[in-house]
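Okay, structure first, notes after.
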Amino acid sequence: MEEYLQMRWTENVPSMGPVPIGDSSIAKMRLLCMAQMTALTVLKEFDSLGDEDRETLSSEMARSGCVGQSFSSQLMPKDSASRLEGPAFLVYYGPAFLQNLGNDSAIKRLSVLAEIYRSSRELWPSSVSKVGNNVTIRIDMIKALSIAEMLQATQRGDVWLLVKHNDSEAFVERSSNKKLNKMIATAQMFQVLDLTCLVPYGSA
């Protein structure tokens, strides 16, 4: 996997320069593969992310999900390299979410992706015993939405949730307060996505 990521980086047109080294290296190489035609914009904005978002993406995207297989320690966060844990998360439709930038800010899409990873980790706490496990995070509902459309849902009183459907799968869903209350009453496992990063400065 590591060799493949490095090959994609070095063979990209236009050139991306030397293969990255450091805590965010694996995350950057994976984002290049995911974003494809929007990769230059996405990677430029990655370096402008807040510390929490950048660290979240760097650590979560460096998990292999395979027993006995990890990335080189110089390409991932030191904490992740010294203690291999799982499960790893596969954000299904993550590539489409990054490729459908349109007029949106790449940094906001990256922040949403980071929040999805954080919420996933709340639902599936990391553990050494789960290093070989994988969990699929389905973002079908937002893959083609613009930032404005996601915000419109919250302005109308709805919330965006990450809902755990079973031991290996969760979905991003739009929920009304009524639906949210029903989920609470039935002890449905979920996390409310904090999308305050999407609100334009001064309009909150």
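Residue numbers start at 1 in each chain; chains themselves are named A, B, ... in the order of the structure tokens; ligands are numbered from 1 in the order shown.
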
Can you pull out every residue within 9 Å of region 49-60 of chain A, counting only C-alpha atoms, but drop anything in the same chain fewer than 5 positions away, and send it as a list in words? Asp23, Ser24, Ser25, Ile26, Ala27, Lys28, Met76, Pro77, Asp79, Ser80, Ala88, Phe89, Ile107, Lys108, Leu110, Ser111, Val112, Leu113, Ala114, Glu115, Tyr117, Arg118 and Arg121 of chain A

Fewer than 4 positions away in the same chain doesn't count, so skip those; otherwise give me all residues within 8 Å of region 128-130 of chain A, counting only C-alpha atoms, as a ChimeraX atom specification. /A:83-87

So that I can check the surroundings of region 68-70 of chain A, please list as a PDB file with all heavy atoms, in the first residue's frame every protein, DNA and RNA residue that reaches within 9 Å of it, counting only C-alpha atoms and ignoring chain neighbours fewer than 5 positions away.
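Once everything was written out, this is part20.pdb:
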ATOM      1  N   GLU A   2       1.908   1.260   0.841  1.00  0.00           N
ATOM      2  CA  GLU A   2       2.783   2.433   0.922  1.00  0.00           C
ATOM      3  C   GLU A   2       3.479   2.688  -0.409  1.00  0.00           C
ATOM      4  O   GLU A   2       3.564   3.833  -0.874  1.00  0.00           O
ATOM      5  CB  GLU A   2       3.805   2.234   2.028  1.00  0.00           C
ATOM      6  CG  GLU A   2       4.710   3.425   2.257  1.00  0.00           C
ATOM      7  CD  GLU A   2       5.633   3.217   3.444  1.00  0.00           C
ATOM      8  OE1 GLU A   2       5.160   2.735   4.491  1.00  0.00           O
ATOM      9  OE2 GLU A   2       6.830   3.538   3.313  1.00  0.00           O
ATOM     10  N   ALA A  62      -3.690   7.163   8.602  1.00  0.00           N
ATOM     11  CA  ALA A  62      -2.463   6.365   8.650  1.00  0.00           C
ATOM     12  C   ALA A  62      -2.700   4.973   9.231  1.00  0.00           C
ATOM     13  O   ALA A  62      -1.745   4.216   9.424  1.00  0.00           O
ATOM     14  CB  ALA A  62      -1.402   7.092   9.465  1.00  0.00           C
ATOM     15  N   ARG A  63      -3.944   4.624   9.510  1.00  0.00           N
ATOM     16  CA  ARG A  63      -4.251   3.286  10.032  1.00  0.00           C
ATOM     17  C   ARG A  63      -4.474   2.343   8.846  1.00  0.00           C
ATOM     18  O   ARG A  63      -5.270   2.635   7.957  1.00  0.00           O
ATOM     19  CB  ARG A  63      -5.488   3.322  10.927  1.00  0.00           C
ATOM     20  CG  ARG A  63      -5.348   4.252  12.133  1.00  0.00           C
ATOM     21  CD  ARG A  63      -6.572   4.188  13.022  1.00  0.00           C
ATOM     22  NE  ARG A  63      -6.592   5.262  14.001  1.00  0.00           N
ATOM     23  CZ  ARG A  63      -6.007   5.209  15.199  1.00  0.00           C
ATOM     24  NH1 ARG A  63      -5.353   4.117  15.555  1.00  0.00           N
ATOM     25  NH2 ARG A  63      -6.085   6.237  16.027  1.00  0.00           N
ATOM     26  N   ALA A  81       2.495   5.516  15.224  1.00  0.00           N
ATOM     27  CA  ALA A  81       3.532   4.543  14.862  1.00  0.00           C
ATOM     28  C   ALA A  81       3.960   3.693  16.049  1.00  0.00           C
ATOM     29  O   ALA A  81       4.258   2.504  15.904  1.00  0.00           O
ATOM     30  CB  ALA A  81       4.736   5.275  14.277  1.00  0.00           C
ATOM     31  N   LEU A  84       0.061   0.763  17.513  1.00  0.00           N
ATOM     32  CA  LEU A  84      -0.847   0.456  16.411  1.00  0.00           C
ATOM     33  C   LEU A  84      -2.199   0.019  16.951  1.00  0.00           C
ATOM     34  O   LEU A  84      -2.286  -0.946  17.718  1.00  0.00           O
ATOM     35  CB  LEU A  84      -0.248  -0.646  15.523  1.00  0.00           C
ATOM     36  CG  LEU A  84       1.111  -0.319  14.888  1.00  0.00           C
ATOM     37  CD1 LEU A  84       1.606  -1.506  14.069  1.00  0.00           C
ATOM     38  CD2 LEU A  84       1.010   0.925  14.014  1.00  0.00           C
ATOM     39  N   VAL A 131      -6.771  -3.726  15.869  1.00  0.00           N
ATOM     40  CA  VAL A 131      -5.885  -3.167  14.857  1.00  0.00           C
ATOM     41  C   VAL A 131      -6.167  -3.734  13.464  1.00  0.00           C
ATOM     42  O   VAL A 131      -5.936  -3.076  12.451  1.00  0.00           O
ATOM     43  CB  VAL A 131      -4.409  -3.404  15.246  1.00  0.00           C
ATOM     44  CG1 VAL A 131      -4.051  -4.888  15.199  1.00  0.00           C
ATOM     45  CG2 VAL A 131      -3.479  -2.581  14.359  1.00  0.00           C
ATOM     46  N   GLY A 132      -6.692  -4.962  13.390  1.00  0.00           N
ATOM     47  CA  GLY A 132      -6.980  -5.573  12.097  1.00  0.00           C
ATOM     48  C   GLY A 132      -8.419  -5.396  11.643  1.00  0.00           C
ATOM     49  O   GLY A 132      -8.818  -5.963  10.630  1.00  0.00           O
TER      50      GLY A 132
END

Do you know which residues are at most 8 Å from Tyr93 (chain A) counting only C-alpha atoms, after dropping those on the same chain fewer than 4 positions away, and could you put them as a ChimeraX atom specification? /A:97,138-140,143

Taking 6 positions as the minimum chain separation for residues in the same chain, which residues sit within 6 Å of region 34-45 of chain A when counting only C-alpha atoms? Answer as a PyMOL selection string. chain A and resi 95+98-99+106-107

Counting only C-alpha atoms, what is within 8 Å of region 8-17 of chain A, bar same-chain residues fewer than 4 positions away, as a list in words? Tyr4, Met29, Leu32 and Cys33 of chain A

Prev. selection, all heavy atoms, output as a PDB file, in the first residue's frame:
ATOM      1  N   TYR A   4       2.451   1.827  -3.343  1.00  0.00           N
ATOM      2  CA  TYR A   4       1.453   2.301  -4.304  1.00  0.00           C
ATOM      3  C   TYR A   4       1.197   3.795  -4.129  1.00  0.00           C
ATOM      4  O   TYR A   4       1.141   4.553  -5.110  1.00  0.00           O
ATOM      5  CB  TYR A   4       0.147   1.514  -4.128  1.00  0.00           C
ATOM      6  CG  TYR A   4      -1.008   2.081  -4.924  1.00  0.00           C
ATOM      7  CD1 TYR A   4      -1.094   1.878  -6.297  1.00  0.00           C
ATOM      8  CD2 TYR A   4      -2.000   2.840  -4.299  1.00  0.00           C
ATOM      9  CE1 TYR A   4      -2.145   2.411  -7.042  1.00  0.00           C
ATOM     10  CE2 TYR A   4      -3.047   3.376  -5.027  1.00  0.00           C
ATOM     11  CZ  TYR A   4      -3.115   3.158  -6.400  1.00  0.00           C
ATOM     12  OH  TYR A   4      -4.151   3.699  -7.124  1.00  0.00           O
ATOM     13  N   MET A  29      -0.777  11.646   0.810  1.00  0.00           N
ATOM     14  CA  MET A  29      -0.737  10.744  -0.351  1.00  0.00           C
ATOM     15  C   MET A  29      -2.096  10.106  -0.597  1.00  0.00           C
ATOM     16  O   MET A  29      -2.507   9.917  -1.750  1.00  0.00           O
ATOM     17  CB  MET A  29       0.353   9.688  -0.158  1.00  0.00           C
ATOM     18  CG  MET A  29       1.764  10.263  -0.287  1.00  0.00           C
ATOM     19  SD  MET A  29       3.073   9.008  -0.318  1.00  0.00           S
ATOM     20  CE  MET A  29       3.212   8.610   1.438  1.00  0.00           C
ATOM     21  N   LEU A  32      -4.332  12.706  -2.200  1.00  0.00           N
ATOM     22  CA  LEU A  32      -4.024  12.843  -3.626  1.00  0.00           C
ATOM     23  C   LEU A  32      -4.806  11.819  -4.441  1.00  0.00           C
ATOM     24  O   LEU A  32      -5.409  12.151  -5.462  1.00  0.00           O
ATOM     25  CB  LEU A  32      -2.523  12.652  -3.849  1.00  0.00           C
ATOM     26  CG  LEU A  32      -2.086  12.545  -5.311  1.00  0.00           C
ATOM     27  CD1 LEU A  32      -2.092  13.928  -5.964  1.00  0.00           C
ATOM     28  CD2 LEU A  32      -0.695  11.921  -5.435  1.00  0.00           C
ATOM     29  N   CYS A  33      -4.816  10.575  -3.961  1.00  0.00           N
ATOM     30  CA  CYS A  33      -5.532   9.512  -4.673  1.00  0.00           C
ATOM     31  C   CYS A  33      -7.038   9.747  -4.651  1.00  0.00           C
ATOM     32  O   CYS A  33      -7.731   9.492  -5.646  1.00  0.00           O
ATOM     33  CB  CYS A  33      -5.211   8.158  -4.058  1.00  0.00           C
ATOM     34  SG  CYS A  33      -3.476   7.663  -4.213  1.00  0.00           S
TER      35      CYS A  33
END

Provide the CA of Glu169 (chain A) to CA of Ala144 (chain A) distance in Å, to one decimal place.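 Between these atoms lies a distance of 20.3 Å.
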
Can you tell me, as an mmCIF file with N, CA and C atoms, in the first residue's frame, which residues in region 70-200 of chain A count as alpha helix (DSSP H) by DSSP?
data_model
loop_
_atom_site.group_PDB
_atom_site.id
_atom_site.type_symbol
_atom_site.label_atom_id
_atom_site.label_comp_id
_atom_site.auth_asym_id
_atom_site.auth_seq_id
_atom_site.Cartn_x
_atom_site.Cartn_y
_atom_site.Cartn_z
ATOM 1 N N LYS A 78 3.938 10.102 15.327
ATOM 2 C CA LYS A 78 4.742 9.250 16.206
ATOM 3 C C LYS A 78 3.867 8.409 17.137
ATOM 4 N N ASP A 79 2.801 8.995 17.668
ATOM 5 C CA ASP A 79 1.922 8.250 18.567
ATOM 6 C C ASP A 79 1.276 7.070 17.851
ATOM 7 N N SER A 80 0.888 7.280 16.605
ATOM 8 C CA SER A 80 0.261 6.205 15.836
ATOM 9 C C SER A 80 1.268 5.117 15.501
ATOM 10 N N ALA A 81 2.495 5.516 15.224
ATOM 11 C CA ALA A 81 3.532 4.543 14.862
ATOM 12 C C ALA A 81 3.960 3.693 16.049
ATOM 13 N N SER A 82 3.978 4.295 17.235
ATOM 14 C CA SER A 82 4.452 3.575 18.423
ATOM 15 C C SER A 82 3.384 2.679 19.032
ATOM 16 N N GLY A 94 -15.880 9.039 0.139
ATOM 17 C CA GLY A 94 -14.955 10.106 0.484
ATOM 18 C C GLY A 94 -14.322 10.740 -0.754
ATOM 19 N N PRO A 95 -13.877 9.926 -1.736
ATOM 20 C CA PRO A 95 -13.328 10.504 -2.962
ATOM 21 C C PRO A 95 -14.319 11.416 -3.686
ATOM 22 N N ALA A 96 -15.562 10.978 -3.817
ATOM 23 C CA ALA A 96 -16.575 11.811 -4.490
ATOM 24 C C ALA A 96 -16.787 13.118 -3.746
ATOM 25 N N PHE A 97 -16.733 13.068 -2.422
ATOM 26 C CA PHE A 97 -16.932 14.263 -1.607
ATOM 27 C C PHE A 97 -15.840 15.301 -1.877
ATOM 28 N N LEU A 98 -14.615 14.834 -2.080
ATOM 29 C CA LEU A 98 -13.510 15.753 -2.345
ATOM 30 C C LEU A 98 -13.451 16.178 -3.810
ATOM 31 N N GLN A 99 -13.878 15.306 -4.694
ATOM 32 C CA GLN A 99 -13.832 15.624 -6.124
ATOM 33 C C GLN A 99 -14.927 16.602 -6.532
ATOM 34 N N ALA A 106 -12.028 24.043 -0.279
ATOM 35 C CA ALA A 106 -11.487 22.713 0.013
ATOM 36 C C ALA A 106 -11.233 22.540 1.500
ATOM 37 N N ILE A 107 -10.845 23.615 2.178
ATOM 38 C CA ILE A 107 -10.535 23.493 3.600
ATOM 39 C C ILE A 107 -11.789 23.141 4.402
ATOM 40 N N LYS A 108 -12.943 23.625 3.961
ATOM 41 C CA LYS A 108 -14.183 23.289 4.660
ATOM 42 C C LYS A 108 -14.556 21.826 4.436
ATOM 43 N N ARG A 109 -14.340 21.337 3.243
ATOM 44 C CA ARG A 109 -14.619 19.907 2.989
ATOM 45 C C ARG A 109 -13.670 19.025 3.788
ATOM 46 N N LEU A 110 -12.421 19.431 3.892
ATOM 47 C CA LEU A 110 -11.471 18.680 4.702
ATOM 48 C C LEU A 110 -11.862 18.720 6.174
ATOM 49 N N SER A 111 -12.379 19.845 6.632
ATOM 50 C CA SER A 111 -12.816 19.955 8.025
ATOM 51 C C SER A 111 -14.012 19.048 8.298
ATOM 52 N N VAL A 112 -14.926 18.942 7.335
ATOM 53 C CA VAL A 112 -16.057 18.020 7.479
ATOM 54 C C VAL A 112 -15.539 16.586 7.551
ATOM 55 N N LEU A 113 -14.595 16.258 6.690
ATOM 56 C CA LEU A 113 -14.015 14.909 6.692
ATOM 57 C C LEU A 113 -13.354 14.613 8.037
ATOM 58 N N ALA A 114 -12.652 15.582 8.579
ATOM 59 C CA ALA A 114 -12.012 15.401 9.890
ATOM 60 C C ALA A 114 -13.055 15.181 10.981
ATOM 61 N N GLU A 115 -14.161 15.926 10.922
ATOM 62 C CA GLU A 115 -15.221 15.769 11.915
ATOM 63 C C GLU A 115 -15.874 14.394 11.807
ATOM 64 N N ILE A 116 -16.003 13.882 10.603
ATOM 65 C CA ILE A 116 -16.557 12.542 10.410
ATOM 66 C C ILE A 116 -15.630 11.493 11.029
ATOM 67 N N TYR A 117 -14.337 11.660 10.841
ATOM 68 C CA TYR A 117 -13.377 10.742 11.465
ATOM 69 C C TYR A 117 -13.459 10.834 12.996
ATOM 70 N N ARG A 118 -13.530 12.056 13.535
ATOM 71 C CA ARG A 118 -13.610 12.215 14.997
ATOM 72 C C ARG A 118 -14.854 11.548 15.557
ATOM 73 N N SER A 119 -15.988 11.758 14.890
ATOM 74 C CA SER A 119 -17.244 11.162 15.354
ATOM 75 C C SER A 119 -17.199 9.645 15.246
ATOM 76 N N SER A 120 -16.559 9.159 14.203
ATOM 77 C CA SER A 120 -16.399 7.704 14.045
ATOM 78 C C SER A 120 -15.602 7.131 15.208
ATOM 79 N N ARG A 121 -14.552 7.851 15.602
ATOM 80 C CA ARG A 121 -13.708 7.350 16.694
ATOM 81 C C ARG A 121 -14.459 7.366 18.020
ATOM 82 N N GLU A 122 -15.393 8.287 18.193
ATOM 83 C CA GLU A 122 -16.224 8.279 19.396
ATOM 84 C C GLU A 122 -17.103 7.032 19.437
ATOM 85 N N LEU A 123 -17.595 6.621 18.283
ATOM 86 C CA LEU A 123 -18.453 5.433 18.215
ATOM 87 C C LEU A 123 -17.649 4.141 18.286
ATOM 88 N N ILE A 147 -21.451 22.924 0.278
ATOM 89 C CA ILE A 147 -21.398 23.416 1.651
ATOM 90 C C ILE A 147 -22.672 24.202 1.969
ATOM 91 N N ALA A 148 -23.130 24.998 1.013
ATOM 92 C CA ALA A 148 -24.354 25.797 1.209
ATOM 93 C C ALA A 148 -25.555 24.904 1.468
ATOM 94 N N GLU A 149 -25.644 23.801 0.748
ATOM 95 C CA GLU A 149 -26.779 22.887 0.921
ATOM 96 C C GLU A 149 -26.720 22.186 2.275
ATOM 97 N N MET A 150 -25.535 21.869 2.747
ATOM 98 C CA MET A 150 -25.404 21.275 4.072
ATOM 99 C C MET A 150 -25.807 22.270 5.156
ATOM 100 N N LEU A 151 -25.429 23.521 4.956
ATOM 101 C CA LEU A 151 -25.791 24.550 5.918
ATOM 102 C C LEU A 151 -27.292 24.827 5.921
ATOM 103 N N GLN A 152 -27.914 24.775 4.756
ATOM 104 C CA GLN A 152 -29.354 25.020 4.661
ATOM 105 C C GLN A 152 -30.133 24.052 5.540
ATOM 106 N N ALA A 153 -29.674 22.810 5.602
ATOM 107 C CA ALA A 153 -30.346 21.813 6.435
ATOM 108 C C ALA A 153 -30.329 22.225 7.899
ATOM 109 N N THR A 154 -29.190 22.729 8.368
ATOM 110 C CA THR A 154 -29.095 23.139 9.782
ATOM 111 C C THR A 154 -29.880 24.424 10.029
ATOM 112 N N GLN A 155 -29.926 25.303 9.041
ATOM 113 C CA GLN A 155 -30.687 26.549 9.192
ATOM 114 C C GLN A 155 -32.184 26.284 9.269
ATOM 115 N N ASN A 177 -35.497 17.078 14.699
ATOM 116 C CA ASN A 177 -35.486 16.906 16.155
ATOM 117 C C ASN A 177 -36.380 15.749 16.585
ATOM 118 N N LYS A 178 -37.488 15.562 15.873
ATOM 119 C CA LYS A 178 -38.400 14.466 16.194
ATOM 120 C C LYS A 178 -37.710 13.122 15.997
ATOM 121 N N LYS A 179 -37.017 12.978 14.877
ATOM 122 C CA LYS A 179 -36.295 11.734 14.606
ATOM 123 C C LYS A 179 -35.171 11.546 15.624
ATOM 124 N N LEU A 180 -34.519 12.633 15.983
ATOM 125 C CA LEU A 180 -33.432 12.575 16.954
ATOM 126 C C LEU A 180 -33.934 12.080 18.308
ATOM 127 N N ASN A 181 -35.076 12.573 18.724
ATOM 128 C CA ASN A 181 -35.648 12.143 19.999
ATOM 129 C C ASN A 181 -36.004 10.658 19.984
ATOM 130 N N LYS A 182 -36.505 10.177 18.860
ATOM 131 C CA LYS A 182 -36.820 8.747 18.744
ATOM 132 C C LYS A 182 -35.567 7.903 18.851
ATOM 133 N N MET A 183 -34.483 8.380 18.250
ATOM 134 C CA MET A 183 -33.222 7.640 18.318
ATOM 135 C C MET A 183 -32.697 7.592 19.746
ATOM 136 N N ILE A 184 -32.842 8.696 20.457
ATOM 137 C CA ILE A 184 -32.415 8.730 21.854
ATOM 138 C C ILE A 184 -33.257 7.763 22.687
ATOM 139 N N ALA A 185 -34.563 7.751 22.436
ATOM 140 C CA ALA A 185 -35.478 6.888 23.191
ATOM 141 C C ALA A 185 -35.189 5.409 22.967
#

Hey, what does DSSP flag as strand (DSSP E or B) within region 137-177 of chain A? Can you give it to me as a list in words? Ile137, Arg138, Val159, Trp160, Leu161, Leu162, Val163, Lys164, His165, Asn166, Glu169, Ala170, Phe171, Val172, Glu173, Arg174 and Ser175 of chain A

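Shortest atom-to-atom contact with Leu101 (chain A) among A:Asn166, A:Ser126, A:Ser146, A:Gln188: A:Ser146, counting only C-alpha atoms.
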
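Comparing A:Leu90, A:Pro18, A:Arg30, A:Ser127 by their smallest distance to Leu5 (chain A), the closest is A:Arg30 (using only C-alpha atoms).
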